[in-house]
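Structure file data-v9.csv; described as CSV, C-alpha atoms.
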```csv
chain,number,residue,atom,x,y,z
U,1,MET,CA,66.6,-42.5,-42.1
U,2,ASN,CA,66.0,-42.8,-45.8
U,3,TYR,CA,63.0,-44.5,-47.3
U,4,PRO,CA,64.0,-47.0,-50.0
U,5,LYS,CA,62.8,-45.6,-53.2
U,6,GLY,CA,62.3,-48.9,-54.8
U,7,SER,CA,59.8,-50.2,-52.4
U,8,ARG,CA,57.7,-47.1,-52.9
U,9,LYS,CA,56.8,-48.4,-56.3
U,10,THR,CA,54.9,-51.3,-54.7
U,11,SER,CA,51.2,-50.5,-55.1
U,12,ASN,CA,48.6,-51.5,-52.5
U,13,LYS,CA,47.2,-53.9,-55.1
U,14,GLN,CA,50.4,-56.0,-55.0
U,15,GLN,CA,50.4,-56.2,-51.3
U,16,PRO,CA,48.5,-58.9,-49.4
U,17,THR,CA,45.0,-57.7,-48.7
U,18,ASN,CA,42.2,-58.7,-46.4
U,19,LYS,CA,40.0,-61.3,-47.9
U,20,GLN,CA,36.3,-60.9,-47.1
U,21,PRO,CA,35.8,-64.4,-45.6
U,22,THR,CA,38.6,-64.0,-43.1
U,23,GLN,CA,37.3,-60.6,-41.8
U,24,PHE,CA,34.5,-62.0,-39.7
U,25,GLY,CA,36.9,-62.9,-36.9
U,26,ASN,CA,38.1,-59.4,-37.0
U,27,ARG,CA,34.8,-57.7,-36.2
U,28,GLY,CA,34.1,-56.2,-32.8
U,29,MET,CA,37.7,-56.4,-31.6
U,30,THR,CA,39.3,-53.1,-31.0
U,31,LEU,CA,42.5,-52.2,-32.8
U,32,GLU,CA,44.3,-52.1,-29.4
U,33,LYS,CA,43.2,-55.6,-28.5
U,34,GLU,CA,44.3,-56.9,-32.0
U,35,LEU,CA,47.7,-55.2,-31.7
U,36,ASN,CA,48.2,-56.7,-28.2
U,37,GLU,CA,47.4,-60.2,-29.6
U,38,THR,CA,49.7,-59.6,-32.6
U,39,ASN,CA,52.6,-58.5,-30.4
U,40,LYS,CA,52.0,-61.5,-28.2
U,41,PHE,CA,52.2,-63.7,-31.2
U,42,TYR,CA,55.4,-62.0,-32.4
U,43,LEU,CA,56.9,-62.5,-29.0
U,44,GLU,CA,55.9,-66.1,-28.8
U,45,THR,CA,57.4,-66.9,-32.2
U,46,ASN,CA,60.5,-64.9,-31.3
U,47,ARG,CA,60.1,-62.5,-34.2
U,48,ALA,CA,60.1,-59.2,-32.2
U,49,VAL,CA,59.9,-57.8,-28.7
U,50,ILE,CA,57.2,-55.1,-28.9
U,51,HIS,CA,55.0,-54.1,-26.0
U,52,LYS,CA,52.2,-51.6,-25.3
U,53,LYS,CA,53.3,-49.1,-22.7
U,54,PRO,CA,51.0,-48.7,-19.6
U,55,ILE,CA,48.6,-45.8,-19.6
U,56,PRO,CA,50.1,-42.9,-17.5
U,57,ILE,CA,48.1,-42.3,-14.4
U,58,GLN,CA,48.7,-39.7,-11.7
U,59,VAL,CA,48.1,-41.2,-8.3
U,60,VAL,CA,46.8,-38.8,-5.6
U,61,GLN,CA,45.7,-41.0,-2.8
U,62,VAL,CA,46.5,-44.6,-1.8
U,63,ASP,CA,45.1,-46.7,1.1
U,64,TYR,CA,47.1,-49.4,2.7
U,65,PRO,CA,44.6,-51.8,4.2
U,66,LYS,CA,46.0,-54.5,6.6
U,67,ARG,CA,46.7,-57.8,5.1
U,68,SER,CA,45.8,-56.8,1.5
U,69,ALA,CA,47.2,-54.9,-1.5
U,70,ALA,CA,47.4,-51.1,-1.6
U,71,VAL,CA,44.3,-49.6,-3.1
U,72,ILE,CA,44.5,-46.4,-5.2
U,73,LYS,CA,41.5,-44.3,-4.1
U,74,GLU,CA,42.1,-41.2,-6.2
U,75,ALA,CA,43.9,-40.9,-9.4
U,76,TYR,CA,43.7,-39.2,-12.8
U,77,TYR,CA,44.6,-40.1,-16.4
U,78,GLN,CA,47.5,-38.2,-17.8
U,79,GLN,CA,48.3,-37.3,-21.4
U,80,PRO,CA,50.9,-39.7,-22.7
U,81,SER,CA,54.2,-38.0,-23.4
U,82,THR,CA,55.4,-40.5,-26.0
U,83,THR,CA,53.6,-43.2,-28.0
U,84,ASP,CA,51.6,-46.3,-27.1
U,85,TYR,CA,53.9,-49.0,-28.5
U,86,ASN,CA,57.6,-49.5,-28.7
U,87,GLY,CA,60.1,-52.3,-29.0
U,88,LEU,CA,62.8,-54.1,-30.9
U,89,TYR,CA,62.7,-55.7,-34.4
U,90,ARG,CA,65.7,-57.0,-36.4
U,91,GLY,CA,68.0,-55.0,-34.2
U,92,TYR,CA,66.0,-51.8,-34.8
U,93,TYR,CA,64.1,-49.6,-32.4
U,94,ILE,CA,60.4,-49.6,-33.4
U,95,ASP,CA,58.0,-46.9,-32.1
U,96,PHE,CA,54.4,-46.3,-33.2
U,97,GLU,CA,51.0,-44.9,-32.3
U,98,ALA,CA,47.7,-46.6,-33.2
U,99,LYS,CA,44.6,-44.6,-34.1
U,100,GLN,CA,41.2,-45.7,-35.3
U,101,THR,CA,38.4,-43.6,-36.7
U,102,ASN,CA,34.8,-43.9,-37.7
U,103,ASN,CA,35.3,-41.2,-40.2
U,104,LYS,CA,35.3,-42.5,-43.8
U,105,THR,CA,37.2,-39.8,-45.6
U,106,SER,CA,40.0,-38.7,-43.2
U,107,LEU,CA,41.8,-39.2,-39.9
U,108,PRO,CA,41.2,-36.2,-37.7
U,109,PHE,CA,44.2,-34.8,-35.7
U,110,ALA,CA,41.9,-34.4,-32.6
U,111,ASN,CA,43.4,-37.3,-30.6
U,112,ILE,CA,47.0,-36.9,-31.7
U,113,HIS,CA,49.1,-34.7,-29.4
U,114,GLU,CA,51.9,-32.4,-30.6
U,115,HIS,CA,54.4,-33.9,-28.1
U,116,GLN,CA,53.7,-37.3,-29.5
U,117,VAL,CA,54.5,-36.2,-33.0
U,118,LYS,CA,57.6,-34.4,-31.7
U,119,HIS,CA,58.7,-37.7,-30.0
U,120,MET,CA,58.1,-39.6,-33.2
U,121,LYS,CA,60.2,-37.1,-35.2
U,122,GLN,CA,63.0,-37.5,-32.6
U,123,ILE,CA,62.9,-41.3,-33.0
U,124,ASP,CA,63.2,-40.9,-36.8
U,125,GLU,CA,66.1,-38.5,-36.4
U,126,HIS,CA,67.9,-41.0,-34.1
U,127,GLY,CA,67.7,-43.9,-36.5
U,128,GLY,CA,64.5,-45.6,-35.2
U,129,ILE,CA,61.5,-46.8,-37.2
U,130,SER,CA,58.5,-44.6,-36.4
U,131,PHE,CA,55.0,-44.8,-37.9
U,132,PHE,CA,51.3,-44.7,-37.3
U,133,ILE,CA,48.9,-47.6,-37.6
U,134,ILE,CA,45.6,-46.2,-38.7
U,135,ARG,CA,42.3,-48.0,-38.9
U,136,PHE,CA,39.3,-46.9,-40.9
U,137,LYS,CA,36.6,-48.8,-39.2
U,138,GLN,CA,34.0,-48.1,-41.8
U,139,HIS,CA,36.3,-49.4,-44.6
U,140,ASN,CA,37.6,-52.2,-42.4
U,141,GLU,CA,41.1,-51.3,-43.5
U,142,THR,CA,44.2,-50.7,-41.5
U,143,PHE,CA,47.2,-48.8,-42.8
U,144,LEU,CA,50.8,-48.2,-41.8
U,145,LEU,CA,51.8,-44.6,-42.4
U,146,PRO,CA,55.5,-43.8,-41.8
U,147,ILE,CA,56.2,-40.7,-39.8
U,148,ARG,CA,57.6,-38.6,-42.7
U,149,PRO,CA,54.6,-38.5,-44.9
U,150,PHE,CA,52.5,-38.0,-41.8
U,151,ILE,CA,54.6,-34.9,-40.8
U,152,GLN,CA,54.1,-33.4,-44.3
U,153,VAL,CA,50.3,-33.1,-43.7
U,154,TRP,CA,50.6,-32.5,-39.9
U,155,GLU,CA,52.7,-29.4,-40.2
U,156,LYS,CA,50.4,-27.8,-42.7
U,157,GLN,CA,47.7,-27.4,-40.1
U,158,PHE,CA,49.9,-24.7,-38.4
U,159,GLU,CA,49.7,-22.7,-41.7
U,160,GLY,CA,45.9,-22.8,-41.4
U,161,LYS,CA,45.4,-25.9,-43.5
U,162,ARG,CA,43.1,-28.9,-42.6
U,163,LYS,CA,43.4,-30.6,-39.2
U,164,SER,CA,43.1,-34.2,-40.6
U,165,ILE,CA,44.7,-36.5,-43.1
U,166,PRO,CA,42.6,-37.5,-46.1
U,167,TYR,CA,41.9,-41.2,-46.6
U,168,GLU,CA,43.3,-40.9,-50.2
U,169,TYR,CA,46.6,-39.5,-48.9
U,170,ILE,CA,46.9,-42.5,-46.5
U,171,THR,CA,46.2,-45.0,-49.2
U,172,LYS,CA,48.8,-43.3,-51.4
U,173,HIS,CA,51.6,-42.8,-48.9
U,174,GLY,CA,50.8,-45.6,-46.5
U,175,TYR,CA,50.6,-49.4,-46.8
U,176,LYS,CA,47.6,-51.5,-46.2
U,177,ILE,CA,48.3,-54.0,-43.4
U,178,PRO,CA,47.4,-57.6,-44.1
U,179,PHE,CA,45.2,-59.6,-41.7
U,180,THR,CA,46.3,-63.1,-40.8
U,181,LEU,CA,44.6,-65.4,-38.3
U,182,GLN,CA,47.5,-65.4,-35.8
U,183,ALA,CA,48.8,-61.8,-36.4
U,184,LYS,CA,45.6,-59.9,-36.7
U,185,VAL,CA,47.4,-56.7,-37.6
U,186,ASN,CA,50.4,-58.1,-39.3
U,187,TYR,CA,52.4,-54.8,-39.5
U,188,LEU,CA,55.9,-56.4,-39.3
U,189,ASP,CA,55.3,-57.7,-42.9
U,190,ILE,CA,54.9,-54.1,-43.9
U,191,ILE,CA,58.0,-53.1,-42.0
U,192,ASP,CA,59.9,-55.8,-43.9
U,193,LEU,CA,58.6,-54.5,-47.1
U,194,VAL,CA,59.1,-50.8,-46.5
U,195,TYR,CA,62.2,-50.6,-44.4
U,196,PHE,CA,64.0,-53.9,-45.2
U,197,ASN,CA,63.4,-54.2,-48.9
U,198,GLY,CA,61.0,-57.2,-48.6
U,199,GLY,CA,62.7,-58.9,-45.7
U,200,ASP,CA,64.9,-61.4,-47.5
U,201,ASN,CA,68.2,-59.9,-46.5
U,202,ASN,CA,69.2,-58.7,-43.1
U,203,GLU,CA,70.5,-55.3,-44.2
U,204,SER,CA,68.2,-52.4,-43.7
U,205,LYS,CA,67.8,-50.1,-46.6
U,206,ARG,CA,67.9,-47.3,-44.2
U,207,LYS,CA,71.6,-47.1,-43.8
H,1,MET,CA,75.4,-59.3,-29.1
H,2,ASN,CA,79.0,-59.7,-28.2
H,3,TYR,CA,80.8,-57.8,-25.6
H,4,PRO,CA,84.0,-56.2,-26.8
H,5,LYS,CA,86.8,-58.0,-25.2
H,6,GLY,CA,89.1,-55.0,-25.2
H,7,SER,CA,86.9,-52.8,-23.2
H,8,ARG,CA,86.6,-55.4,-20.4
H,9,LYS,CA,90.2,-54.7,-19.6
H,10,THR,CA,89.2,-51.2,-18.4
H,11,SER,CA,89.4,-51.2,-14.7
H,12,ASN,CA,87.1,-49.2,-12.5
H,13,LYS,CA,90.1,-47.0,-11.5
H,14,GLN,CA,90.5,-45.8,-15.0
H,15,GLN,CA,86.9,-44.7,-15.3
H,16,PRO,CA,85.6,-41.4,-14.2
H,17,THR,CA,84.6,-41.6,-10.5
H,18,ASN,CA,82.5,-39.5,-8.3
H,19,LYS,CA,84.5,-36.9,-6.5
H,20,GLN,CA,83.5,-36.3,-2.9
H,21,PRO,CA,82.8,-32.5,-3.2
H,22,THR,CA,80.3,-33.0,-6.0
H,23,GLN,CA,78.3,-35.6,-4.2
H,24,PHE,CA,76.5,-33.3,-1.9
H,25,GLY,CA,74.1,-32.3,-4.6
H,26,ASN,CA,73.5,-36.0,-5.1
H,27,ARG,CA,72.2,-36.7,-1.6
H,28,GLY,CA,68.5,-37.2,-0.9
H,29,MET,CA,67.6,-37.6,-4.6
H,30,THR,CA,66.3,-41.0,-5.5
H,31,LEU,CA,67.8,-43.0,-8.3
H,32,GLU,CA,64.6,-42.7,-10.2
H,33,LYS,CA,64.5,-38.9,-10.0
H,34,GLU,CA,68.2,-38.7,-11.0
H,35,LEU,CA,67.6,-41.0,-14.0
H,36,ASN,CA,64.6,-38.9,-15.1
H,37,GLU,CA,66.7,-35.7,-14.9
H,38,THR,CA,69.5,-37.4,-16.8
H,39,ASN,CA,67.2,-38.7,-19.5
H,40,LYS,CA,65.7,-35.2,-19.8
H,41,PHE,CA,69.2,-33.8,-20.3
H,42,TYR,CA,70.0,-36.4,-22.9
H,43,LEU,CA,66.8,-35.5,-24.7
H,44,GLU,CA,67.4,-31.8,-24.5
H,45,THR,CA,70.9,-32.1,-25.8
H,46,ASN,CA,69.7,-34.5,-28.5
H,47,ARG,CA,72.0,-37.3,-27.4
H,48,ALA,CA,69.3,-40.0,-26.9
H,49,VAL,CA,65.6,-40.6,-26.7
H,50,ILE,CA,65.1,-42.6,-23.5
H,51,HIS,CA,62.0,-42.5,-21.3
H,52,LYS,CA,60.7,-44.1,-18.1
H,53,LYS,CA,57.6,-46.2,-18.8
H,54,PRO,CA,54.5,-45.4,-16.7
H,55,ILE,CA,53.7,-47.6,-13.8
H,56,PRO,CA,51.1,-50.2,-14.8
H,57,ILE,CA,47.9,-49.7,-12.9
H,58,GLN,CA,44.7,-51.8,-13.2
H,59,VAL,CA,41.7,-49.4,-13.1
H,60,VAL,CA,38.6,-50.9,-11.5
H,61,GLN,CA,36.3,-47.9,-11.0
H,62,VAL,CA,36.1,-44.5,-12.7
H,63,ASP,CA,33.8,-41.6,-11.9
H,64,TYR,CA,32.9,-39.1,-14.6
H,65,PRO,CA,31.8,-35.9,-12.8
H,66,LYS,CA,30.1,-33.2,-14.8
H,67,ARG,CA,32.4,-30.5,-16.1
H,68,SER,CA,35.6,-32.0,-14.8
H,69,ALA,CA,38.1,-34.8,-15.5
H,70,ALA,CA,37.4,-38.4,-15.0
H,71,VAL,CA,38.4,-39.6,-11.4
H,72,ILE,CA,39.8,-43.0,-10.9
H,73,LYS,CA,38.2,-44.2,-7.6
H,74,GLU,CA,39.5,-47.7,-7.3
H,75,ALA,CA,42.7,-49.1,-8.9
H,76,TYR,CA,45.6,-51.4,-8.1
H,77,TYR,CA,49.3,-51.5,-8.8
H,78,GLN,CA,50.3,-54.2,-11.2
H,79,GLN,CA,53.6,-56.0,-11.6
H,80,PRO,CA,55.5,-54.5,-14.6
H,81,SER,CA,55.9,-57.1,-17.4
H,82,THR,CA,59.0,-55.4,-18.8
H,83,THR,CA,61.5,-52.9,-17.5
H,84,ASP,CA,61.3,-49.3,-16.2
H,85,TYR,CA,63.2,-47.6,-19.0
H,86,ASN,CA,63.7,-48.0,-22.7
H,87,GLY,CA,64.6,-45.9,-25.7
H,88,LEU,CA,67.0,-45.2,-28.6
H,89,TYR,CA,70.7,-44.3,-28.6
H,90,ARG,CA,73.0,-44.2,-31.6
H,91,GLY,CA,70.5,-46.2,-33.6
H,92,TYR,CA,70.3,-48.9,-30.9
H,93,TYR,CA,67.5,-50.1,-28.8
H,94,ILE,CA,68.3,-49.5,-25.1
H,95,ASP,CA,66.4,-51.3,-22.3
H,96,PHE,CA,67.2,-51.2,-18.6
H,97,GLU,CA,66.0,-51.7,-15.0
H,98,ALA,CA,67.2,-49.5,-12.1
H,99,LYS,CA,67.5,-50.9,-8.6
H,100,GLN,CA,68.9,-49.4,-5.4
H,101,THR,CA,69.7,-51.1,-2.1
H,102,ASN,CA,70.7,-50.1,1.4
H,103,ASN,CA,72.6,-53.4,1.6
H,104,LYS,CA,76.3,-52.9,1.7
H,105,THR,CA,77.5,-56.3,0.5
H,106,SER,CA,75.0,-57.4,-2.2
H,107,LEU,CA,71.9,-56.6,-4.3
H,108,PRO,CA,69.1,-58.9,-3.2
H,109,PHE,CA,66.9,-60.4,-6.0
H,110,ALA,CA,63.8,-59.7,-3.9
H,111,ASN,CA,62.5,-56.9,-6.1
H,112,ILE,CA,63.6,-58.3,-9.5
H,113,HIS,CA,60.9,-60.4,-11.2
H,114,GLU,CA,61.6,-63.4,-13.4
H,115,HIS,CA,59.5,-62.0,-16.3
H,116,GLN,CA,61.6,-58.8,-16.2
H,117,VAL,CA,64.8,-60.8,-16.6
H,118,LYS,CA,63.2,-62.9,-19.3
H,119,HIS,CA,62.4,-59.7,-21.1
H,120,MET,CA,65.9,-58.4,-20.8
H,121,LYS,CA,67.3,-61.7,-22.2
H,122,GLN,CA,65.0,-61.4,-25.2
H,123,ILE,CA,66.2,-57.8,-25.8
H,124,ASP,CA,69.8,-59.1,-25.7
H,125,GLU,CA,69.0,-61.9,-28.1
H,126,HIS,CA,67.3,-59.5,-30.6
H,127,GLY,CA,70.3,-57.1,-30.8
H,128,GLY,CA,69.3,-54.6,-28.2
H,129,ILE,CA,71.4,-53.2,-25.3
H,130,SER,CA,70.1,-54.4,-22.0
H,131,PHE,CA,71.5,-53.8,-18.5
H,132,PHE,CA,70.8,-53.0,-14.9
H,133,ILE,CA,71.7,-49.7,-13.2
H,134,ILE,CA,72.4,-50.6,-9.6
H,135,ARG,CA,72.9,-48.1,-6.7
H,136,PHE,CA,74.5,-49.0,-3.4
H,137,LYS,CA,73.2,-46.2,-1.3
H,138,GLN,CA,75.6,-46.8,1.6
H,139,HIS,CA,78.6,-46.7,-0.7
H,140,ASN,CA,77.1,-43.8,-2.7
H,141,GLU,CA,78.1,-45.7,-5.9
H,142,THR,CA,76.1,-46.5,-9.0
H,143,PHE,CA,77.0,-49.3,-11.4
H,144,LEU,CA,76.0,-50.4,-14.9
H,145,LEU,CA,75.8,-54.2,-15.0
H,146,PRO,CA,75.2,-55.7,-18.5
H,147,ILE,CA,72.5,-58.4,-18.6
H,148,ARG,CA,74.9,-61.2,-19.4
H,149,PRO,CA,77.0,-61.2,-16.2
H,150,PHE,CA,73.8,-60.6,-14.3
H,151,ILE,CA,72.2,-63.7,-15.8
H,152,GLN,CA,75.2,-65.8,-14.7
H,153,VAL,CA,74.5,-65.2,-11.1
H,154,TRP,CA,70.7,-64.9,-11.4
H,155,GLU,CA,70.3,-68.4,-12.9
H,156,LYS,CA,72.4,-70.1,-10.1
H,157,GLN,CA,69.6,-69.2,-7.6
H,158,PHE,CA,67.5,-71.9,-9.2
H,159,GLU,CA,70.2,-74.4,-8.4
H,160,GLY,CA,69.9,-73.5,-4.8
H,161,LYS,CA,72.6,-70.8,-4.8
H,162,ARG,CA,72.3,-67.3,-3.2
H,163,LYS,CA,69.4,-65.0,-4.1
H,164,SER,CA,71.6,-61.9,-4.5
H,165,ILE,CA,74.5,-60.5,-6.4
H,166,PRO,CA,77.6,-59.8,-4.3
H,167,TYR,CA,78.9,-56.2,-4.4
H,168,GLU,CA,82.4,-57.5,-5.4
H,169,TYR,CA,80.9,-59.3,-8.4
H,170,ILE,CA,79.2,-56.0,-9.5
H,171,THR,CA,82.4,-54.0,-9.1
H,172,LYS,CA,84.3,-56.7,-11.2
H,173,HIS,CA,81.7,-57.3,-14.0
H,174,GLY,CA,80.0,-53.9,-13.9
H,175,TYR,CA,81.1,-50.4,-14.6
H,176,LYS,CA,80.9,-47.5,-12.1
H,177,ILE,CA,78.7,-44.7,-13.5
H,178,PRO,CA,80.2,-41.2,-13.4
H,179,PHE,CA,78.3,-38.4,-11.8
H,180,THR,CA,78.1,-35.1,-13.6
H,181,LEU,CA,76.2,-32.0,-12.7
H,182,GLN,CA,73.9,-32.1,-15.7
H,183,ALA,CA,73.7,-35.9,-16.1
H,184,LYS,CA,73.4,-37.1,-12.6
H,185,VAL,CA,73.7,-40.8,-13.6
H,186,ASN,CA,75.7,-40.4,-16.8
H,187,TYR,CA,75.2,-44.0,-17.9
H,188,LEU,CA,75.5,-43.3,-21.7
H,189,ASP,CA,79.2,-42.6,-21.2
H,190,ILE,CA,79.5,-46.2,-19.9
H,191,ILE,CA,77.4,-47.4,-22.9
H,192,ASP,CA,79.9,-45.7,-25.2
H,193,LEU,CA,82.8,-47.4,-23.4
H,194,VAL,CA,81.3,-50.8,-23.1
H,195,TYR,CA,79.3,-51.2,-26.3
H,196,PHE,CA,80.9,-48.7,-28.7
H,197,ASN,CA,84.6,-49.0,-27.8
H,198,GLY,CA,84.9,-45.6,-26.2
H,199,GLY,CA,82.4,-43.7,-28.4
H,200,ASP,CA,84.8,-42.1,-31.0
H,201,ASN,CA,83.6,-44.1,-33.9
H,202,ASN,CA,80.0,-44.7,-34.9
H,203,GLU,CA,80.4,-48.5,-35.3
H,204,SER,CA,79.2,-50.6,-32.6
H,205,LYS,CA,81.5,-53.4,-31.5
H,206,ARG,CA,78.5,-55.6,-31.1
H,207,LYS,CA,78.2,-56.6,-34.8
```

Could you quickly redo this structure as structure tokens?
Amino acid sequence: MNYPKGSRKTSNKQQPTNKQPTQFGNRGMTLEKELNETNKFYLETNRAVIHKKPIPIQVVQVDYPKRSAAVIKEAYYQQPSTTDYNGLYRGYYIDFEAKQTNNKTSLPFANIHEHQVKHMKQIDEHGGISFFIIRFKQHNETFLLPIRPFIQVWEKQFEGKRKSIPYEYITKHGYKIPFTLQAKVNYLDIIDLVYFNGGDNNESKRK
Amino acid sequence: MNYPKGSRKTSNKQQPTNKQPTQFGNRGMTLEKELNETNKFYLETNRAVIHKKPIPIQVVQVDYPKRSAAVIKEAYYQQPSTTDYNGLYRGYYIDFEAKQTNNKTSLPFANIHEHQVKHMKQIDEHGGISFFIIRFKQHNETFLLPIRPFIQVWEKQFEGKRKSIPYEYITKHGYKIPFTLQAKVNYLDIIDLVYFNGGDNNESKRK
């Protein structure tokens, strides 16, 4: 997958940005809830088919009471082996992980697992579209960061470098995601811009 | 998505079939376990990135004991809203549901939910590859049935027709999946045949 060089020239200033008055509806909702609503809207408008995967749970004990549903009595959360979201857009496989942080200056790697990053690299290598959606809660800003610039910083931690991505790096190599009333985290507009050259033709720049 | 007309001429006899001697290793394994092993093999050999989604579980009560992991004390199985498996192969989005039956003459619709079929239709409409993997345990045969011929029979149930797909229909409109030692349910060979015209060139027939 190659990133279109041309679209990289697009600065954040030229992109649609959150306007202050519209942000009130945004407050208090978690990123996950907003993404679920956004994906539901995309599905209802037949734009894309993207779903959140269930949380992996290891079931240890189940009761089967008479005349009612099975009750799980003992179970444990498992580490997800892939990402939270995947699906299909414009014929392409889409795969992403969503992270939010209260940190103002960087996204810590603490909650990102190595096998998730490995999975996202595989998706990239096999021709899928793979990225992070990163929310800085204190800035009330949400970015789309493609897997490749993410990897650049991620791999340096194994050489003893920092275990986080600076906010400035994300603003430079990522794309601010616009907020709209119906698509709270309207990331497909960014996908159009970054991977499909603005979205007016059907040909991906990636091939 | 259009099915290649040419490949439809391929009869089941011309396809690789299970040989009796190799089937012993096959016995007793569930279809799910075999598919998980197959997907693992595909991943390790870098052929495709396809995973089983976690089973959706609604968590009601969680205990947080000191110095140990959170324990889920009450939870319930939920109906999956999509399919069991999805992923990425040759740049295409792959989405399928696996079903096995002890019935010799048909696959009952009993365990297939309407929203799953709706999801698979959406995948087809958006340019993904969507299909069922169906095992007849008594015949020790496993078939790949694309979503379109499935839909043909599925929708007739709402006109009062039968609530199952006849075995003969599946042998005619589906493709018998070969068994290999490393890929127990080697369905990607069938995908190559049906959707990529045998797999020798990189261009999908679907476009």

Padding of 8 Å on every side, edges along x, y and z, all listed atoms of region 75-79 of chain U included: what centre and edge lengths in Å, to one decimal, does that box have, as lines of an AutoDock Vina configuration file?
```
center_x = 46.0
center_y = -39.1
center_z = -15.4
size_x = 20.6
size_y = 19.6
size_z = 28.0
```

Original post:
Using all atoms listed in the file, which chain U residues lie at most 7 Å away from chain H, written as a ChimeraX atom specification?
Top reply: /U:49,53-56,70-76,88,90-93,123,126-128

Subject >> Exercise: Ala183 (chain U) partners within 12 Å, all atoms listed in the file, chain neighbours under 5 positions left out, as JSON, numbers by chain >> reply: {"U": [25, 26, 33, 34, 35, 36, 37, 38, 39, 40, 41, 42, 43, 44, 45, 47, 177, 178, 188, 189]}

Original post:
CA of Asn197 (chain U) to CA of Glu155 (chain U): how many Å, to one decimal?
Top reply: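 Separation of CA of Asn197 (chain U) and CA of Glu155 (chain U): 28.4 Å.
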
Subject >> Interatomic distance, CA of Tyr167 (chain U) to CA of His139 (chain U) (Å, one decimal) >> reply: 10.1 Å

Subject >> Counting all atoms listed in the file, the residue of H:Ile134, H:Leu144, H:Val117, H:Leu107 that sits nearest Thr83 (chain H) >> reply: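 Nearest candidate to Thr83 (chain H) out of H:Ile134, H:Leu144, H:Val117, H:Leu107: H:Val117.
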
**OP:** In Å, rounded to a single decimal, give me how far CA of Trp154 (chain U) is from CA of Glu141 (chain U).
**Re:**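 Going from CA of Glu141 (chain U) over to CA of Trp154 (chain U), I get 21.4 Å.
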
**OP:** Could you pull out every residue with an atom within 10 Å of (79.2, -45.9, -3.9), file coordinates, counting only C-alpha atoms, and send them as a ChimeraX atom specification?
**Re:** /H:17-18,104,135-143,176-177

Give me a file of those residues, with C-alpha atoms, as a compact mmCIF listing (two decimals), keeping the file's coordinate frame.
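This is the output file selection.txt:
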```txt
# COMPACT_ATOMS: atom_id res chain seq x y z
CA THR H 17 84.60 -41.60 -10.50
CA ASN H 18 82.50 -39.50 -8.30
CA LYS H 104 76.30 -52.90 1.70
CA ARG H 135 72.90 -48.10 -6.70
CA PHE H 136 74.50 -49.00 -3.40
CA LYS H 137 73.20 -46.20 -1.30
CA GLN H 138 75.60 -46.80 1.60
CA HIS H 139 78.60 -46.70 -0.70
CA ASN H 140 77.10 -43.80 -2.70
CA GLU H 141 78.10 -45.70 -5.90
CA THR H 142 76.10 -46.50 -9.00
CA PHE H 143 77.00 -49.30 -11.40
CA LYS H 176 80.90 -47.50 -12.10
CA ILE H 177 78.70 -44.70 -13.50
```

Subject >> Exercise: Phe131 (chain H) partners within 7 Å, only C-alpha atoms, chain neighbours under 6 positions left out, as a PyMOL selection string >> reply: chain H and resi 95-97+144-147

Could you rebuild region 45-55 of chain H with N, CA and C atoms and give it back as a PDB file, in the coordinates of the input?
```pdb
ATOM      1  N   THR H  45      69.663 -32.297 -25.089  1.00  0.00           N
ATOM      2  CA  THR H  45      70.900 -32.100 -25.800  1.00  0.00           C
ATOM      3  C   THR H  45      70.944 -33.006 -27.070  1.00  0.00           C
ATOM      4  N   ASN H  46      69.825 -33.652 -27.341  1.00  0.00           N
ATOM      5  CA  ASN H  46      69.700 -34.500 -28.500  1.00  0.00           C
ATOM      6  C   ASN H  46      70.644 -35.650 -28.621  1.00  0.00           C
ATOM      7  N   ARG H  47      71.024 -36.148 -27.442  1.00  0.00           N
ATOM      8  CA  ARG H  47      72.000 -37.300 -27.400  1.00  0.00           C
ATOM      9  C   ARG H  47      71.242 -38.611 -27.545  1.00  0.00           C
ATOM     10  N   ALA H  48      70.081 -38.730 -26.930  1.00  0.00           N
ATOM     11  CA  ALA H  48      69.300 -40.000 -26.900  1.00  0.00           C
ATOM     12  C   ALA H  48      67.870 -39.705 -26.644  1.00  0.00           C
ATOM     13  N   VAL H  49      67.032 -40.663 -26.977  1.00  0.00           N
ATOM     14  CA  VAL H  49      65.600 -40.600 -26.700  1.00  0.00           C
ATOM     15  C   VAL H  49      65.238 -41.729 -25.758  1.00  0.00           C
ATOM     16  N   ILE H  50      65.314 -41.507 -24.459  1.00  0.00           N
ATOM     17  CA  ILE H  50      65.100 -42.600 -23.500  1.00  0.00           C
ATOM     18  C   ILE H  50      64.070 -42.069 -22.446  1.00  0.00           C
ATOM     19  N   HIS H  51      63.019 -42.855 -22.217  1.00  0.00           N
ATOM     20  CA  HIS H  51      62.000 -42.500 -21.300  1.00  0.00           C
ATOM     21  C   HIS H  51      61.693 -43.540 -20.261  1.00  0.00           C
ATOM     22  N   LYS H  52      61.189 -43.115 -19.114  1.00  0.00           N
ATOM     23  CA  LYS H  52      60.700 -44.100 -18.100  1.00  0.00           C
ATOM     24  C   LYS H  52      59.255 -44.447 -18.550  1.00  0.00           C
ATOM     25  N   LYS H  53      58.953 -45.746 -18.480  1.00  0.00           N
ATOM     26  CA  LYS H  53      57.600 -46.200 -18.800  1.00  0.00           C
ATOM     27  C   LYS H  53      56.671 -45.853 -17.597  1.00  0.00           C
ATOM     28  N   PRO H  54      55.408 -45.579 -17.863  1.00  0.00           N
ATOM     29  CA  PRO H  54      54.500 -45.400 -16.700  1.00  0.00           C
ATOM     30  C   PRO H  54      54.341 -46.655 -15.910  1.00  0.00           C
ATOM     31  N   ILE H  55      53.991 -46.482 -14.644  1.00  0.00           N
ATOM     32  CA  ILE H  55      53.700 -47.600 -13.800  1.00  0.00           C
ATOM     33  C   ILE H  55      52.428 -48.275 -14.169  1.00  0.00           C
TER      34      ILE H  55
END
```
